[in-house]
Amino acid sequence: MPVIRKALSTDMLPQGLSERQRFIRFAELFEHFSNTGELDPAFDVPFRAAMNSIHIGTTMLGRCDGSFVTVRREKRQVIETGDDRFCLVRNTGDRASYVRHRGREITLRPGSMVLLKLDEPFFAADGANHKRFTNVHLPVATLRAMVADVDELVGQELAPGGALSLAMDYSDLLLRHPVAVDEAGMAIAAHLLDLAALGLGARADIASAASRRGLRAVRLQAALAILQARFQEPDFSAQKLAAAAGLSERYVNELLFEAGASFTTRLNELRLRKAADLLARSEGRISDIAFACGFNDLSYFNRCFRRRFGLTPTAARGR
């Protein structure tokens with residue numbers, strides 16, 4: 001399954017543009033990249049915005065943060081894109097947002113979510129000059145097969161908590177560390193669908209299997225992404241990993257062991273691979289490289305490196 005990553009920021013636009021030109025250019029690119037809708041800028045502050053998205057087949061993860069006051073999808077976008085997916089959106093801002101969709105008007109509190117259908121227009125505003133949201137686009141046929149009467153949930157506020165919030169937390173984590181998606185794109189798309197289905201009320205026969213697949217798998221991927229991002233911290237531990245993932249240390253150790261290797265084994269492997277890469281490209285001192293990769297004992301680093309690669313760090317330099 002192809003994985004496509006996209007990122008856009010006003011910092012990436014050409015210098016010398018006026019505020020109006022900056023907004024118009026960003027809005028055009030946002031509509032093209034997100035395949036979702038339009039933005040209306042705040043006029044009392046300079047326009048600044050950033051968005052990034054990850055596309056895994058028909059599943060898309062995205063988030064946007066910027067000085068705009070409304071997000072809307074017009075009939076024009078509905079016709080031009082032909083997109084009929086479900087779109088699960090979480091308000092990650094700090095104030096409630098007004099949402100209008102399918103004839104329903106709701107107040108979307110911070111942390112709450114709403115399920116939209118992209119083959120119909122929508123409108124969202126909160127009266128502030130800054131908005132933040134995370135969204136996940138999900139395939140229609142699959143979600144309908146998993147959740148009976150899922151269309152009845154469209155346009156309703158979905159309270160935070162449970163599997164839905166876990167799905168959005170997982171999406172935010174992956175958007176911050178997209179390299180994890182490159183390594184497990186198909187599995188990640190399936191995990192997100194499982195979590196969304198569980199949170200939306202999957203059929204009983206599907207919920208049990210989705211729970212087994214989705215919850216532990218997503219928590220494992222989240223733990224691995226955190227480990228990938230922080231392995232170079234000298235004092236990084238299983239306890240700190242568990243705290244960052246919002247899980248118990250025992251549970252994290254069980255997840256990692258079930259997936260094939262302990263925390264210490266995975267941590268050392270990441271550090272040693274990084275050290276080998278730096279030794280191949282750098283003329284820096286071996287001790288500096290070891291410490292930069294998270295090792296705080298040079299003798300221990302030398303022993304681990306030789307055991308892992310069959311040669312000393314000195315012999316590995318330049319290879």
# chains A, B, ... in the order shown; residues from 1 in each chain; ligands from 1
>>> residues_around(residues="segment 64-72 of chain A", least_positions_apart="4", cutoff="9 Å", atoms="only C-alpha atoms", output="count of residues only")
33
>>> select_by_dssp(residues="segment 9-186 of chain A", states="strand (DSSP E)", output="ChimeraX atom specification")
/A:9,38-41,49-56,59-66,68-73,86-91,97-101,104-108,113-117,122-125,131-138,157-158
>>> closest_residue(among="A:His32, A:Arg271, A:Arg85, A:Arg303", to="Ala290 of chain A", atoms="only C-alpha atoms")
A:Arg271
>>> closest_residue(among="A:Ala315, A:Leu193, A:Leu256, A:Ala204", to="Leu220 of chain A", atoms="only C-alpha atoms")
A:Leu256
>>> residues_around(residues="Pro139 of chain A", least_positions_apart="3", cutoff="9 Å", atoms="only C-alpha atoms", output="PyMOL selection string")
chain A and resi 58-59+84-86+142-144+193
>>> write_last_selection(atoms="all heavy atoms", output="JSON list (two decimals), in the first residue's frame")
[["chain", "number", "residue", "atom", "x", "y", "z"],
["A", 58, "THR", "N", -6.48, 4.53, 0.93],
["A", 58, "THR", "CA", -7.67, 5.37, 1.08],
["A", 58, "THR", "C", -7.80, 5.97, 2.48],
["A", 58, "THR", "O", -8.77, 6.67, 2.75],
["A", 58, "THR", "CB", -8.95, 4.54, 0.78],
["A", 58, "THR", "OG1", -8.99, 3.40, 1.65],
["A", 58, "THR", "CG2", -8.95, 4.08, -0.66],
["A", 59, "THR", "N", -6.84, 5.71, 3.35],
["A", 59, "THR", "CA", -6.83, 6.30, 4.69],
["A", 59, "THR", "C", -5.90, 7.50, 4.70],
["A", 59, "THR", "O", -4.81, 7.45, 4.13],
["A", 59, "THR", "CB", -6.37, 5.27, 5.74],
["A", 59, "THR", "OG1", -7.26, 4.15, 5.72],
["A", 59, "THR", "CG2", -6.35, 5.87, 7.14],
["A", 84, "ASP", "N", -16.09, 10.53, -1.07],
["A", 84, "ASP", "CA", -17.24, 10.20, -0.22],
["A", 84, "ASP", "C", -16.82, 9.56, 1.10],
["A", 84, "ASP", "O", -17.63, 8.93, 1.78],
["A", 84, "ASP", "CB", -18.22, 9.30, -0.96],
["A", 84, "ASP", "CG", -17.64, 7.91, -1.22],
["A", 84, "ASP", "OD1", -16.41, 7.75, -1.10],
["A", 84, "ASP", "OD2", -18.42, 6.99, -1.53],
["A", 85, "ARG", "N", -15.55, 9.69, 1.48],
["A", 85, "ARG", "CA", -15.08, 9.04, 2.70],
["A", 85, "ARG", "C", -15.68, 9.68, 3.95],
["A", 85, "ARG", "O", -16.17, 10.80, 3.94],
["A", 85, "ARG", "CB", -13.55, 9.12, 2.78],
["A", 85, "ARG", "CG", -12.82, 8.20, 1.82],
["A", 85, "ARG", "CD", -11.32, 8.42, 1.88],
["A", 85, "ARG", "NE", -10.94, 9.73, 1.38],
["A", 85, "ARG", "CZ", -9.68, 10.17, 1.31],
["A", 85, "ARG", "NH1", -8.69, 9.41, 1.74],
["A", 85, "ARG", "NH2", -9.41, 11.37, 0.84],
["A", 86, "PHE", "N", -15.62, 8.93, 5.04],
["A", 86, "PHE", "CA", -15.90, 9.50, 6.34],
["A", 86, "PHE", "C", -14.67, 10.28, 6.79],
["A", 86, "PHE", "O", -13.53, 9.90, 6.48],
["A", 86, "PHE", "CB", -16.21, 8.41, 7.36],
["A", 86, "PHE", "CG", -17.55, 7.75, 7.17],
["A", 86, "PHE", "CD1", -17.64, 6.48, 6.62],
["A", 86, "PHE", "CD2", -18.71, 8.39, 7.54],
["A", 86, "PHE", "CE1", -18.86, 5.86, 6.44],
["A", 86, "PHE", "CE2", -19.95, 7.79, 7.37],
["A", 86, "PHE", "CZ", -20.03, 6.52, 6.81],
["A", 142, "THR", "N", -15.80, -0.08, 4.10],
["A", 142, "THR", "CA", -15.25, -0.87, 5.20],
["A", 142, "THR", "C", -15.84, -0.44, 6.53],
["A", 142, "THR", "O", -16.22, -1.28, 7.35],
["A", 142, "THR", "CB", -13.72, -0.72, 5.23],
["A", 142, "THR", "OG1", -13.18, -0.99, 3.94],
["A", 142, "THR", "CG2", -13.12, -1.69, 6.23],
["A", 143, "LEU", "N", -15.93, 0.87, 6.76],
["A", 143, "LEU", "CA", -16.47, 1.33, 8.05],
["A", 143, "LEU", "C", -17.95, 0.98, 8.17],
["A", 143, "LEU", "O", -18.41, 0.59, 9.26],
["A", 143, "LEU", "CB", -16.25, 2.83, 8.20],
["A", 143, "LEU", "CG", -16.45, 3.40, 9.62],
["A", 143, "LEU", "CD1", -15.51, 2.72, 10.60],
["A", 143, "LEU", "CD2", -16.23, 4.91, 9.64],
["A", 144, "ARG", "N", -18.69, 1.07, 7.10],
["A", 144, "ARG", "CA", -20.10, 0.69, 7.16],
["A", 144, "ARG", "C", -20.28, -0.79, 7.44],
["A", 144, "ARG", "O", -21.22, -1.20, 8.11],
["A", 144, "ARG", "CB", -20.78, 1.06, 5.84],
["A", 144, "ARG", "CG", -21.14, 2.54, 5.72],
["A", 144, "ARG", "CD", -21.76, 2.85, 4.39],
["A", 144, "ARG", "NE", -22.21, 4.24, 4.32],
["A", 144, "ARG", "CZ", -22.45, 4.89, 3.19],
["A", 144, "ARG", "NH1", -22.29, 4.27, 2.03],
["A", 144, "ARG", "NH2", -22.85, 6.14, 3.21],
["A", 193, "LEU", "N", -8.47, 1.96, 11.55],
["A", 193, "LEU", "CA", -9.84, 1.59, 11.22],
["A", 193, "LEU", "C", -10.46, 0.77, 12.35],
["A", 193, "LEU", "O", -11.63, 0.98, 12.71],
["A", 193, "LEU", "CB", -9.87, 0.80, 9.90],
["A", 193, "LEU", "CG", -11.23, 0.55, 9.29],
["A", 193, "LEU", "CD1", -11.95, 1.86, 8.99],
["A", 193, "LEU", "CD2", -11.09, -0.26, 8.01]]
>>> atom_distance(atom1="atom CA of Leu195 of chain A", atom2="atom CA of Val252 of chain A")
18.9 Å
>>> closest_residue(among="A:Glu254, A:His55, A:Phe263, A:Ser9", to="Lys240 of chain A", atoms="only C-alpha atoms")
A:Phe263
>>> closest_residue(among="A:Gly310, A:Ile226, A:Glu19, A:Asp119", to="Leu173 of chain A", atoms="only C-alpha atoms")
A:Ile226
>>> closest_residue(among="A:Met146, A:Leu115, A:Ala229, A:Ser282", to="Gly201 of chain A", atoms="only C-alpha atoms")
A:Met146
>>> decode(residues="segment 27-46 of chain A", atoms="N, CA and C atoms", output="PDB file, in the first residue's frame")
ATOM      1  N   ALA A  27      -3.842  28.752   0.932  1.00  0.00           N
ATOM      2  CA  ALA A  27      -5.179  28.180   0.819  1.00  0.00           C
ATOM      3  C   ALA A  27      -5.309  27.302  -0.420  1.00  0.00           C
ATOM      4  N   GLU A  28      -4.699  27.734  -1.521  1.00  0.00           N
ATOM      5  CA  GLU A  28      -4.738  26.927  -2.741  1.00  0.00           C
ATOM      6  C   GLU A  28      -4.042  25.589  -2.526  1.00  0.00           C
ATOM      7  N   LEU A  29      -2.856  25.635  -1.908  1.00  0.00           N
ATOM      8  CA  LEU A  29      -2.101  24.412  -1.669  1.00  0.00           C
ATOM      9  C   LEU A  29      -2.800  23.530  -0.631  1.00  0.00           C
ATOM     10  N   PHE A  30      -3.390  24.141   0.386  1.00  0.00           N
ATOM     11  CA  PHE A  30      -4.114  23.383   1.402  1.00  0.00           C
ATOM     12  C   PHE A  30      -5.268  22.606   0.771  1.00  0.00           C
ATOM     13  N   GLU A  31      -6.030  23.276  -0.072  1.00  0.00           N
ATOM     14  CA  GLU A  31      -7.157  22.596  -0.705  1.00  0.00           C
ATOM     15  C   GLU A  31      -6.676  21.446  -1.582  1.00  0.00           C
ATOM     16  N   HIS A  32      -5.563  21.661  -2.280  1.00  0.00           N
ATOM     17  CA  HIS A  32      -5.026  20.616  -3.155  1.00  0.00           C
ATOM     18  C   HIS A  32      -4.490  19.436  -2.353  1.00  0.00           C
ATOM     19  N   PHE A  33      -3.720  19.720  -1.304  1.00  0.00           N
ATOM     20  CA  PHE A  33      -3.077  18.658  -0.534  1.00  0.00           C
ATOM     21  C   PHE A  33      -4.072  17.911   0.356  1.00  0.00           C
ATOM     22  N   SER A  34      -4.993  18.646   0.980  1.00  0.00           N
ATOM     23  CA  SER A  34      -5.877  18.015   1.957  1.00  0.00           C
ATOM     24  C   SER A  34      -7.089  17.371   1.312  1.00  0.00           C
ATOM     25  N   ASN A  35      -7.447  17.833   0.111  1.00  0.00           N
ATOM     26  CA  ASN A  35      -8.627  17.294  -0.581  1.00  0.00           C
ATOM     27  C   ASN A  35      -9.871  17.463   0.287  1.00  0.00           C
ATOM     28  N   THR A  36      -9.871  18.519   1.113  1.00  0.00           N
ATOM     29  CA  THR A  36     -10.959  18.677   2.074  1.00  0.00           C
ATOM     30  C   THR A  36     -11.776  19.936   1.836  1.00  0.00           C
ATOM     31  N   GLY A  37     -11.190  21.125   1.986  1.00  0.00           N
ATOM     32  CA  GLY A  37     -12.000  22.321   1.890  1.00  0.00           C
ATOM     33  C   GLY A  37     -11.201  23.599   1.859  1.00  0.00           C
ATOM     34  N   GLU A  38     -11.835  24.689   2.288  1.00  0.00           N
ATOM     35  CA  GLU A  38     -11.267  26.018   2.211  1.00  0.00           C
ATOM     36  C   GLU A  38     -11.080  26.609   3.605  1.00  0.00           C
ATOM     37  N   LEU A  39     -10.210  27.610   3.675  1.00  0.00           N
ATOM     38  CA  LEU A  39      -9.955  28.336   4.916  1.00  0.00           C
ATOM     39  C   LEU A  39     -10.336  29.792   4.721  1.00  0.00           C
ATOM     40  N   ASP A  40     -10.737  30.447   5.811  1.00  0.00           N
ATOM     41  CA  ASP A  40     -10.947  31.895   5.816  1.00  0.00           C
ATOM     42  C   ASP A  40      -9.998  32.486   6.837  1.00  0.00           C
ATOM     43  N   PRO A  41      -9.185  33.481   6.446  1.00  0.00           N
ATOM     44  CA  PRO A  41      -8.132  33.974   7.343  1.00  0.00           C
ATOM     45  C   PRO A  41      -8.674  34.888   8.441  1.00  0.00           C
ATOM     46  N   ALA A  42      -7.901  34.969   9.526  1.00  0.00           N
ATOM     47  CA  ALA A  42      -8.164  35.972  10.560  1.00  0.00           C
ATOM     48  C   ALA A  42      -7.533  37.279  10.086  1.00  0.00           C
ATOM     49  N   PHE A  43      -8.244  38.376  10.241  1.00  0.00           N
ATOM     50  CA  PHE A  43      -7.744  39.645   9.717  1.00  0.00           C
ATOM     51  C   PHE A  43      -7.078  40.507  10.781  1.00  0.00           C
ATOM     52  N   ASP A  44      -7.095  40.069  12.031  1.00  0.00           N
ATOM     53  CA  ASP A  44      -6.504  40.875  13.096  1.00  0.00           C
ATOM     54  C   ASP A  44      -5.111  40.413  13.502  1.00  0.00           C
ATOM     55  N   VAL A  45      -4.599  39.349  12.864  1.00  0.00           N
ATOM     56  CA  VAL A  45      -3.242  38.856  13.133  1.00  0.00           C
ATOM     57  C   VAL A  45      -2.604  38.461  11.812  1.00  0.00           C
ATOM     58  N   PRO A  46      -1.271  38.440  11.732  1.00  0.00           N
ATOM     59  CA  PRO A  46      -0.611  37.970  10.500  1.00  0.00           C
ATOM     60  C   PRO A  46      -0.983  36.529  10.208  1.00  0.00           C
TER      61      PRO A  46
END
